[in-house]
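Novice: Following this line is my_file.tsv, made up of TSV, C-alpha atoms:
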```tsv
chain	number	residue	atom	x	y	z
A	1	ARG	CA	-86.29	10.40	-102.81
A	2	LEU	CA	-83.01	9.65	-104.59
A	3	GLY	CA	-81.58	12.09	-107.08
A	4	VAL	CA	-80.25	11.00	-110.47
A	5	ALA	CA	-76.65	10.65	-109.27
A	6	GLU	CA	-77.60	8.65	-106.19
A	7	ALA	CA	-79.91	6.38	-108.19
A	8	PHE	CA	-77.18	5.68	-110.75
A	9	ALA	CA	-74.65	4.95	-108.00
A	10	LEU	CA	-76.89	2.19	-106.68
A	11	SER	CA	-77.87	0.76	-110.06
A	12	PRO	CA	-76.73	-2.74	-111.13
A	13	PHE	CA	-74.72	-1.18	-113.96
A	14	ALA	CA	-72.80	1.10	-111.60
A	15	LEU	CA	-72.20	-1.75	-109.17
A	16	ARG	CA	-70.67	-3.81	-111.97
A	17	LEU	CA	-68.46	-0.88	-113.04
A	18	ARG	CA	-67.14	-0.72	-109.50
A	19	ALA	CA	-66.54	-4.45	-109.47
A	20	VAL	CA	-64.31	-4.24	-112.52
A	21	GLY	CA	-62.46	-1.08	-111.50
A	22	ARG	CA	-64.15	1.43	-113.83
A	23	MET	CA	-65.64	3.66	-111.12
A	24	ASP	CA	-64.44	5.12	-107.83
A	25	ARG	CA	-60.89	5.36	-109.13
A	26	PRO	CA	-58.74	8.39	-108.32
A	27	ALA	CA	-58.78	11.34	-110.70
A	28	LEU	CA	-56.13	11.08	-113.39
A	29	ARG	CA	-53.69	13.95	-113.22
A	30	GLY	CA	-52.19	13.57	-116.45
A	31	GLY	CA	-50.91	14.70	-119.73
A	32	ALA	CA	-47.78	13.05	-120.99
A	33	GLY	CA	-46.83	11.79	-117.55
A	34	GLY	CA	-49.64	9.27	-117.46
A	35	ALA	CA	-51.65	8.39	-114.39
A	36	LYS	CA	-49.97	9.60	-111.21
A	37	CYS	CA	-51.86	7.44	-108.71
A	38	ALA	CA	-49.57	5.45	-106.47
A	39	THR	CA	-49.93	1.69	-106.59
A	40	PRO	CA	-50.25	0.13	-103.13
A	41	ALA	CA	-46.91	-1.38	-102.20
A	42	PRO	CA	-46.79	-5.12	-101.58
A	43	VAL	CA	-46.65	-6.00	-97.90
A	44	GLY	CA	-43.57	-7.68	-96.47
A	45	ASP	CA	-41.61	-7.97	-99.69
A	46	ASP	CA	-39.08	-5.18	-100.11
A	47	MET	CA	-37.55	-6.53	-103.31
A	48	ALA	CA	-40.92	-6.89	-105.05
A	49	ALA	CA	-41.85	-3.36	-103.99
A	50	LYS	CA	-38.60	-1.96	-105.41
A	51	VAL	CA	-39.00	-3.93	-108.62
A	52	LEU	CA	-42.58	-2.70	-109.00
A	53	SER	CA	-41.56	0.92	-108.45
A	54	CYS	CA	-38.82	0.67	-111.07
A	55	ALA	CA	-41.11	-1.04	-113.58
A	56	GLU	CA	-43.80	1.60	-113.13
A	57	ALA	CA	-41.34	4.44	-113.69
A	58	ALA	CA	-39.90	2.77	-116.79
A	59	ALA	CA	-43.34	2.02	-118.22
A	60	ARG	CA	-44.51	5.58	-117.74
A	61	GLU	CA	-41.44	7.04	-119.43
A	62	ALA	CA	-41.71	4.66	-122.39
A	63	GLY	CA	-45.44	5.38	-122.57
A	64	GLU	CA	-44.77	9.09	-122.92
A	65	LEU	CA	-42.65	8.39	-125.99
A	66	ILE	CA	-45.29	6.09	-127.50
A	67	LYS	CA	-47.98	8.74	-127.13
A	68	LEU	CA	-45.71	11.41	-128.57
A	69	LYS	CA	-44.59	9.35	-131.58
A	70	THR	CA	-47.73	7.37	-132.48
A	71	GLY	CA	-48.04	6.92	-136.23
A	72	ALA	CA	-44.28	6.45	-136.67
A	73	GLU	CA	-43.06	5.00	-139.96
A	74	VAL	CA	-42.01	1.39	-140.35
A	75	THR	CA	-38.24	1.01	-140.50
A	76	LYS	CA	-38.21	-2.71	-141.30
A	77	THR	CA	-40.19	-5.91	-141.00
A	78	LYS	CA	-39.30	-9.03	-139.02
A	79	ALA	CA	-40.51	-12.53	-139.87
A	80	SER	CA	-42.98	-11.24	-142.48
A	81	GLY	CA	-44.37	-8.06	-143.98
A	82	LYS	CA	-47.05	-8.10	-141.26
A	83	ASP	CA	-44.53	-8.12	-138.39
A	84	LEU	CA	-43.50	-4.48	-138.14
A	85	LEU	CA	-40.71	-2.53	-136.44
A	86	THR	CA	-40.34	1.23	-136.04
A	87	GLU	CA	-37.45	3.30	-134.74
A	88	ILE	CA	-39.49	3.89	-131.59
A	89	ASP	CA	-39.58	0.22	-130.51
A	90	PRO	CA	-35.85	0.00	-129.66
A	91	MET	CA	-35.94	3.52	-128.18
A	92	CYS	CA	-38.67	2.46	-125.74
A	93	GLN	CA	-36.77	-0.70	-124.91
A	94	SER	CA	-33.62	1.32	-124.21
A	95	ILE	CA	-35.57	3.51	-121.78
A	96	ILE	CA	-36.77	0.47	-119.86
A	97	GLU	CA	-33.38	-1.24	-119.92
A	98	ARG	CA	-31.71	1.91	-118.57
A	99	HIS	CA	-34.08	1.95	-115.59
A	100	VAL	CA	-33.42	-1.72	-114.90
A	101	LYS	CA	-29.63	-1.55	-115.22
A	102	GLU	CA	-29.43	1.48	-112.93
A	103	ALA	CA	-31.58	-0.08	-110.22
A	104	PHE	CA	-30.79	-3.79	-110.60
A	105	PRO	CA	-27.52	-4.34	-112.46
A	106	ASP	CA	-27.49	-8.04	-111.52
A	107	HIS	CA	-30.92	-8.76	-113.02
A	108	SER	CA	-31.28	-10.40	-116.43
A	109	PHE	CA	-33.11	-8.52	-119.20
A	110	LEU	CA	-35.07	-10.13	-122.04
A	111	GLY	CA	-36.45	-7.60	-124.51
A	112	GLU	CA	-38.25	-8.39	-127.74
A	113	GLU	CA	-36.04	-6.08	-129.79
A	114	ASN	CA	-32.90	-8.07	-128.88
A	115	VAL	CA	-34.29	-11.40	-130.14
A	116	PRO	CA	-34.37	-12.60	-133.77
A	117	PRO	CA	-37.83	-13.57	-135.07
A	118	GLY	CA	-39.11	-17.11	-134.75
A	119	ALA	CA	-40.22	-19.51	-132.03
A	120	GLU	CA	-36.84	-21.23	-131.75
A	121	ALA	CA	-34.94	-17.99	-131.21
A	122	SER	CA	-37.54	-16.85	-128.68
A	123	ALA	CA	-37.31	-20.08	-126.71
A	124	GLN	CA	-33.53	-19.99	-126.71
A	125	ALA	CA	-33.45	-16.38	-125.52
A	126	LEU	CA	-35.85	-17.18	-122.69
A	127	THR	CA	-33.77	-20.15	-121.56
A	128	GLN	CA	-30.60	-18.06	-121.56
A	129	ALA	CA	-32.21	-15.22	-119.62
A	130	LEU	CA	-33.66	-17.54	-116.98
A	131	SER	CA	-30.29	-19.22	-116.48
A	132	ALA	CA	-28.44	-15.91	-116.14
A	133	SER	CA	-30.20	-14.64	-113.01
A	134	ASP	CA	-32.95	-15.48	-110.53
A	135	TRP	CA	-34.62	-12.19	-111.53
A	136	VAL	CA	-35.53	-11.72	-115.21
A	137	TRP	CA	-37.23	-8.70	-116.77
A	138	VAL	CA	-39.34	-9.81	-119.75
A	139	VAL	CA	-40.23	-6.78	-121.84
A	140	ASP	CA	-42.26	-5.84	-124.88
A	141	PRO	CA	-41.59	-2.12	-125.31
A	142	ILE	CA	-44.52	-1.62	-127.72
A	143	ASP	CA	-47.05	-4.42	-127.73
A	144	GLY	CA	-49.32	-3.63	-130.67
A	145	THR	CA	-46.79	-2.15	-133.09
A	146	THR	CA	-49.15	-2.38	-136.07
A	147	ASN	CA	-51.71	-0.37	-134.10
A	148	PHE	CA	-48.95	2.10	-133.24
A	149	VAL	CA	-47.92	2.51	-136.89
A	150	HIS	CA	-51.51	3.17	-137.96
A	151	ALA	CA	-52.22	5.51	-135.02
A	152	ILE	CA	-54.79	3.10	-133.57
A	153	PRO	CA	-54.70	3.85	-129.82
A	154	CYS	CA	-54.29	0.25	-128.68
A	155	SER	CA	-50.57	-0.12	-127.96
A	156	VAL	CA	-49.08	-0.69	-124.53
A	157	VAL	CA	-45.80	-1.09	-122.69
A	158	SER	CA	-45.55	-4.55	-121.13
A	159	ILE	CA	-43.01	-5.24	-118.37
A	160	GLY	CA	-43.10	-8.57	-116.59
A	161	ILE	CA	-40.59	-9.70	-114.00
A	162	ALA	CA	-40.01	-13.36	-113.21
A	163	HIS	CA	-38.30	-14.76	-110.13
A	164	LYS	CA	-36.83	-18.23	-110.55
A	165	GLY	CA	-38.96	-18.69	-113.66
A	166	THR	CA	-42.29	-17.61	-112.16
A	167	PRO	CA	-43.87	-14.27	-113.15
A	168	VAL	CA	-44.18	-12.26	-109.93
A	169	VAL	CA	-44.52	-8.60	-110.97
A	170	GLY	CA	-46.45	-7.21	-113.91
A	171	VAL	CA	-46.87	-3.67	-115.23
A	172	ILE	CA	-48.81	-2.78	-118.38
A	173	MET	CA	-49.00	0.89	-119.34
A	174	ASP	CA	-51.67	2.15	-121.73
A	175	PRO	CA	-50.50	5.68	-122.54
A	176	PHE	CA	-53.55	6.56	-124.62
A	177	ARG	CA	-55.99	6.07	-121.72
A	178	ASP	CA	-53.54	7.03	-118.95
A	179	GLU	CA	-54.08	3.60	-117.42
A	180	ILE	CA	-51.38	1.67	-115.63
A	181	PHE	CA	-52.14	-1.92	-114.64
A	182	THR	CA	-49.96	-3.33	-111.88
A	183	ALA	CA	-49.73	-6.58	-109.96
A	184	VAL	CA	-47.45	-8.37	-107.53
A	185	LYS	CA	-47.96	-12.08	-107.00
A	186	GLY	CA	-49.91	-12.62	-103.80
A	187	HIS	CA	-50.80	-8.94	-103.38
A	188	GLY	CA	-53.55	-8.27	-105.92
A	189	ALA	CA	-53.90	-6.42	-109.20
A	190	PHE	CA	-54.65	-2.72	-109.62
A	191	LEU	CA	-55.68	-0.18	-112.24
A	192	ASN	CA	-54.38	3.28	-111.37
A	193	GLY	CA	-54.21	2.16	-107.75
A	194	VAL	CA	-57.74	0.71	-107.55
A	195	PRO	CA	-58.08	-3.03	-106.83
A	196	LEU	CA	-59.32	-5.24	-109.66
A	197	THR	CA	-61.55	-8.28	-109.42
A	198	GLY	CA	-61.93	-9.52	-112.99
A	199	SER	CA	-65.25	-10.09	-114.74
A	200	PRO	CA	-68.35	-11.81	-113.35
A	201	GLU	CA	-69.29	-13.92	-116.41
A	202	SER	CA	-69.75	-17.56	-115.46
A	203	THR	CA	-70.88	-19.10	-118.77
A	204	ILE	CA	-69.51	-19.14	-122.28
A	205	GLU	CA	-72.76	-17.62	-123.51
A	206	GLU	CA	-71.95	-14.43	-121.56
A	207	ALA	CA	-68.29	-14.31	-122.54
A	208	VAL	CA	-66.61	-11.54	-124.52
A	209	ILE	CA	-63.57	-13.29	-125.98
A	210	ALA	CA	-60.54	-11.67	-127.58
A	211	ALA	CA	-58.60	-13.31	-130.38
A	212	GLY	CA	-55.37	-12.48	-132.14
A	213	SER	CA	-54.63	-11.61	-135.76
A	214	PRO	CA	-51.33	-13.46	-136.09
A	215	PRO	CA	-48.73	-12.41	-138.68
A	216	SER	CA	-47.57	-15.98	-139.39
A	217	ALA	CA	-49.38	-18.02	-142.02
A	218	HIS	CA	-49.12	-21.11	-139.79
A	219	ASN	CA	-51.20	-19.41	-137.10
A	220	ILE	CA	-54.01	-18.06	-139.29
A	221	GLY	CA	-55.73	-21.44	-139.62
A	222	PRO	CA	-56.00	-22.27	-135.90
A	223	SER	CA	-57.04	-18.70	-135.09
A	224	LEU	CA	-59.85	-18.74	-137.63
A	225	ARG	CA	-60.97	-22.23	-136.56
A	226	GLY	CA	-61.15	-21.03	-132.97
A	227	ILE	CA	-63.09	-17.90	-133.89
A	228	ALA	CA	-65.53	-19.84	-136.07
A	229	ALA	CA	-66.19	-22.34	-133.28
A	230	LEU	CA	-66.59	-19.75	-130.53
A	231	MET	CA	-68.63	-17.15	-132.39
A	232	PRO	CA	-71.94	-19.08	-132.33
A	233	VAL	CA	-71.70	-19.92	-128.63
A	234	CYS	CA	-70.23	-16.81	-126.96
A	235	ARG	CA	-71.50	-13.25	-126.68
A	236	THR	CA	-68.97	-11.83	-129.13
A	237	ILE	CA	-65.39	-11.97	-130.40
A	238	ARG	CA	-63.10	-8.94	-130.41
A	239	MET	CA	-59.60	-8.28	-131.79
A	240	PHE	CA	-57.67	-5.36	-130.33
A	241	GLY	CA	-54.23	-6.22	-131.67
A	242	SER	CA	-52.23	-6.40	-128.43
A	243	ALA	CA	-51.78	-9.53	-126.32
A	244	ALA	CA	-50.77	-7.56	-123.24
A	245	LEU	CA	-53.79	-5.27	-123.56
A	246	HIS	CA	-56.09	-8.29	-123.84
A	247	LEU	CA	-54.65	-9.72	-120.61
A	248	ALA	CA	-54.93	-6.39	-118.79
A	249	TRP	CA	-58.55	-6.12	-119.88
A	250	ILE	CA	-59.31	-9.60	-118.55
A	251	ALA	CA	-57.95	-8.41	-115.20
A	252	CYS	CA	-60.17	-5.31	-115.17
A	253	GLY	CA	-63.22	-7.16	-116.47
A	254	ARG	CA	-63.62	-5.55	-119.89
A	255	ILE	CA	-63.26	-8.91	-121.61
A	256	THR	CA	-63.72	-12.46	-120.34
A	257	ALA	CA	-61.04	-14.46	-122.13
A	258	TYR	CA	-58.33	-14.38	-124.80
A	259	PHE	CA	-56.72	-17.10	-126.90
A	260	GLU	CA	-53.83	-17.18	-129.33
A	261	PRO	CA	-52.02	-20.13	-130.95
A	262	ASP	CA	-48.48	-18.72	-130.80
A	263	LEU	CA	-47.11	-16.06	-128.45
A	264	ASN	CA	-43.77	-15.11	-126.93
A	265	SER	CA	-42.84	-14.74	-123.28
A	266	TRP	CA	-42.67	-10.93	-123.56
A	267	ASP	CA	-46.28	-10.84	-124.79
A	268	ILE	CA	-47.66	-12.56	-121.70
A	269	CYS	CA	-45.32	-12.33	-118.70
A	270	ALA	CA	-46.77	-9.13	-117.22
A	271	GLY	CA	-50.34	-10.06	-118.05
A	272	ALA	CA	-49.96	-13.47	-116.44
A	273	VAL	CA	-49.46	-11.83	-113.04
A	274	LEU	CA	-52.48	-9.56	-113.52
A	275	VAL	CA	-54.76	-12.41	-114.59
A	276	GLY	CA	-53.63	-14.64	-111.75
A	277	GLU	CA	-54.17	-11.96	-109.13
A	278	VAL	CA	-57.87	-11.53	-110.00
A	279	GLY	CA	-58.56	-15.25	-109.79
A	280	GLY	CA	-58.22	-15.83	-113.51
A	281	LYS	CA	-56.60	-18.76	-115.22
A	282	MET	CA	-54.04	-19.30	-117.95
A	283	SER	CA	-53.17	-22.58	-119.63
A	284	GLY	CA	-51.85	-24.05	-122.82
A	285	LEU	CA	-54.45	-24.67	-125.51
A	286	ASP	CA	-53.75	-28.36	-124.93
A	287	GLY	CA	-54.76	-27.92	-121.29
A	288	SER	CA	-51.20	-27.98	-119.94
A	289	ASP	CA	-50.13	-25.77	-117.05
A	290	PHE	CA	-49.02	-22.27	-118.03
A	291	THR	CA	-45.32	-21.37	-117.91
A	292	LEU	CA	-43.30	-18.61	-119.53
A	293	ALA	CA	-42.46	-21.10	-122.29
A	294	THR	CA	-46.16	-21.59	-123.15
A	295	ARG	CA	-46.84	-20.31	-126.66
A	296	ALA	CA	-50.35	-21.59	-127.51
A	297	MET	CA	-52.40	-20.02	-124.74
A	298	LEU	CA	-55.85	-19.39	-123.30
A	299	ALA	CA	-56.38	-16.81	-120.56
A	300	SER	CA	-59.71	-16.25	-118.86
A	301	ASN	CA	-61.52	-14.99	-115.79
A	302	GLY	CA	-61.31	-18.57	-114.51
A	303	LYS	CA	-65.02	-19.30	-114.34
A	304	THR	CA	-65.37	-19.76	-118.11
A	305	HIS	CA	-62.00	-21.37	-118.76
A	306	ASP	CA	-62.89	-25.03	-119.15
A	307	SER	CA	-65.90	-24.46	-121.41
A	308	ILE	CA	-63.96	-22.14	-123.74
A	309	LEU	CA	-60.98	-24.49	-123.79
A	310	LYS	CA	-63.17	-27.42	-124.83
A	311	VAL	CA	-64.59	-25.48	-127.79
A	312	LEU	CA	-61.10	-24.55	-128.94
A	313	GLN	CA	-59.79	-28.09	-128.57
A	314	ASP	CA	-62.76	-29.54	-130.46
A	315	ALA	CA	-61.98	-27.05	-133.25
A	316	ASN	CA	-58.35	-28.25	-133.39
A	317	CYS	CA	-57.10	-24.87	-132.21
A	318	LEU	CA	-54.08	-26.22	-130.37
A	319	GLY	CA	-51.13	-24.34	-131.84
A	320	PRO	CA	-49.58	-23.44	-135.19
A	321	ASP	CA	-50.44	-25.60	-138.18
A	322	ALA	CA	-47.61	-27.71	-139.56
A	323	GLU	CA	-45.80	-26.36	-142.59
```
Could you take the file, read its structure, and then write that structure out as structure tokens?

Specialist:
Amino acid sequence: RLGVAEAFALSPFALRLRAVGRMDRPALRGGAGGAKCATPAPVGDDMAAKVLSCAEAAAREAGELIKLKTGAEVTKTKASGKDLLTEIDPMCQSIIERHVKEAFPDHSFLGEENVPPGAEASAQALTQALSASDWVWVVDPIDGTTNFVHAIPCSVVSIGIAHKGTPVVGVIMDPFRDEIFTAVKGHGAFLNGVPLTGSPESTIEEAVIAAGSPPSAHNIGPSLRGIAALMPVCRTIRMFGSAALHLAWIACGRITAYFEPDLNSWDICAGAVLVGEVGGKMSGLDGSDFTLATRAMLASNGKTHDSILKVLQDANCLGPDAE
């Protein structure tokens, strides 16, 4: 006769937890250093392995500072009073940039804190970075700054690395849960060293969908139209306030999909690798192929993508509203 522990281990619930990387993971040896589990190195690609190692070290160090300084005061706003900046954002970016410059001085670096607000400035900065080097680090030092300011533990470090314009390495560090999500194109995605497989939902009715709460007035309308259209037909809608966290949670199966009408490359570069490596899909809200220049975006576990996309398109959730 099975004991309680054995019975639970064989239950459908436990089997699903394993499938999405929430069980059988190594013990977290932690504190401020974050998870210490080694990520399996990619096979046959020395440069990708070195890039991944550097990105992990940088993300962990920046994550330590985020955890230490959560609740920091706002020093200024960007495009609007809802788009916040603290003194910790540039400090975290400097940590990451130092790691990159020491290890890869010939690589290009695109960090959010070096770019003026606005879609045009973002697009121009991306174009310049991609033309400067085959290898580009695309970094959001604190994704979820409003959460960070209000001590809501949903802020992450997002480090994506593109090679010749294609995201190939992604690292997202959640310092509050000691979780580091890592992926190398063609070599799988991992949470604290355990392989991820995404979520099993195959219909929109089963889907847990994340949405954004955009700071720009032009993005509020399409976001709300999308939410209103999806809410009656999906399992639920959630807002966690961090694009990178949403993408990481698609990879580990906590949510099924995520849409937003206007994002920047640093919000999605790392997450794009994670989502792709678990068989997920990313596209423009108009159905176009995803690139780093895509701003209006849907990401999903792949199986639910087309049905969610159709609902959003029928609701005219295609991108920012005109002025």

Novice: Let me make sure I understand: among A:Ile88, A:Val275, A:Ala59, A:Ala257, which one has the smallest atom-to-atom distance to Gly188 of chain A if we use all atoms listed in the file?

Specialist: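 Once distances to Gly188 of chain A are computed over all atoms listed in the file, the minimum belongs to A:Val275.
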
Novice: Write out as a list in words each polymer residue whose atoms come within 8 Å of segment 308-316 of chain A, counting all atoms listed in the file; drop sequence neighbours fewer than 3 positions from it.

Specialist: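 Skipping anything fewer than 3 positions along the chain leaves Ile204, Pro222, Arg225, Gly226, Ala229, Leu230, Leu285, Asp286, Gly287, Leu298, Thr304 and His305 of chain A.
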
Novice: Work out how far apart atom CA of Pro175 of chain A and atom CA of Leu274 of chain A are and give it in Å to one decimal.

Specialist: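 A separation of 17.8 Å between them.
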
Novice: When you look at Thr291 of chain A with a cut-off of 10 Å (counting only C-alpha atoms), what residues show up, excluding the ones that are within fewer than 2 positions of it in the same chain? I need them as a ChimeraX atom specification.

Specialist: /A:165-167,265,268-269,272,282-284,288-289,293-295,297

Novice: Extract, using all atoms listed in the file, all DNA, RNA and protein residues at most 7 Å from Ile237 of chain A, discarding same-chain residues fewer than 5 positions from it, and format them as a list in words.

Specialist: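 The residues that qualify are Val208, Ile209, Ala210, Ala211 and Met231 of chain A.
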
Novice: Save out the residues we just selected, C-alpha atoms, as a JSON list (two decimals), in the coordinates of the input.

Specialist:
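For reference, part_14.json as written:
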```json
[["chain", "number", "residue", "atom", "x", "y", "z"],
["A", 208, "VAL", "CA", -66.61, -11.54, -124.52],
["A", 209, "ILE", "CA", -63.57, -13.29, -125.98],
["A", 210, "ALA", "CA", -60.54, -11.67, -127.58],
["A", 211, "ALA", "CA", -58.60, -13.31, -130.38],
["A", 231, "MET", "CA", -68.63, -17.15, -132.39]]
```

Novice: Grab the atom CA of Ala48 of chain A to atom CA of Ser131 of chain A distance for me, in Å with one decimal place.

Specialist: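 About the pair atom CA of Ala48 of chain A and atom CA of Ser131 of chain A: they are 19.9 Å apart.
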
Novice: Taking all atoms listed in the file into account, which of A:Leu245, A:Ala121, A:Ile227, A:Cys54 comes nearest Asn147 of chain A?

Specialist: A:Leu245

Novice: How many Å lie between atom CA of Ala151 of chain A and atom CA of Gly71 of chain A, rounded to one decimal?

Specialist: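 Separating atom CA of Ala151 of chain A from atom CA of Gly71 of chain A is a distance of 4.6 Å.
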
Novice: Which of these, A:Asp106, A:Asp140, A:Asp306, A:Asp46, has the shortest distance to Pro90 of chain A once you count all atoms listed in the file?

Specialist: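 Closest residue, counting all atoms listed in the file: A:Asp140.
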
Novice: Excluding Ala55 of chain A and residues on its chain fewer than 4 positions from it, collect all residues at most 9 Å away from it, counting all atoms listed in the file, and give them as a compact mmCIF listing (two decimals) with C-alpha atoms, keeping the file's coordinate frame.

Specialist:
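Once everything was written out, this is out17.txt:
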```
# COMPACT_ATOMS: atom_id res chain seq x y z
CA LYS A 50 -38.60 -1.96 -105.41
CA VAL A 51 -39.00 -3.93 -108.62
CA ALA A 59 -43.34 2.02 -118.22
CA ARG A 60 -44.51 5.58 -117.74
CA ILE A 96 -36.77 0.47 -119.86
CA HIS A 99 -34.08 1.95 -115.59
CA VAL A 100 -33.42 -1.72 -114.90
CA ILE A 159 -43.01 -5.24 -118.37
CA GLY A 160 -43.10 -8.57 -116.59
CA ILE A 161 -40.59 -9.70 -114.00
CA VAL A 169 -44.52 -8.60 -110.97
CA GLY A 170 -46.45 -7.21 -113.91
CA VAL A 171 -46.87 -3.67 -115.23
```

Novice: Out of A:Thr86, A:Gln128, A:Ser133, A:Asn114, which residue has the shortest atom-to-atom distance to Val149 of chain A when counting all atoms listed in the file?

Specialist: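 Smallest separation from Val149 of chain A among the options: A:Thr86.
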
Novice: Restricting the calculation to all atoms listed in the file: of A:Cys234, A:Ala251, A:Ala244, A:Ala57, which residue gets closest to Asp174 of chain A?

Specialist: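 Checking each candidate against Asp174 of chain A, we get A:Ala244 as the closest.
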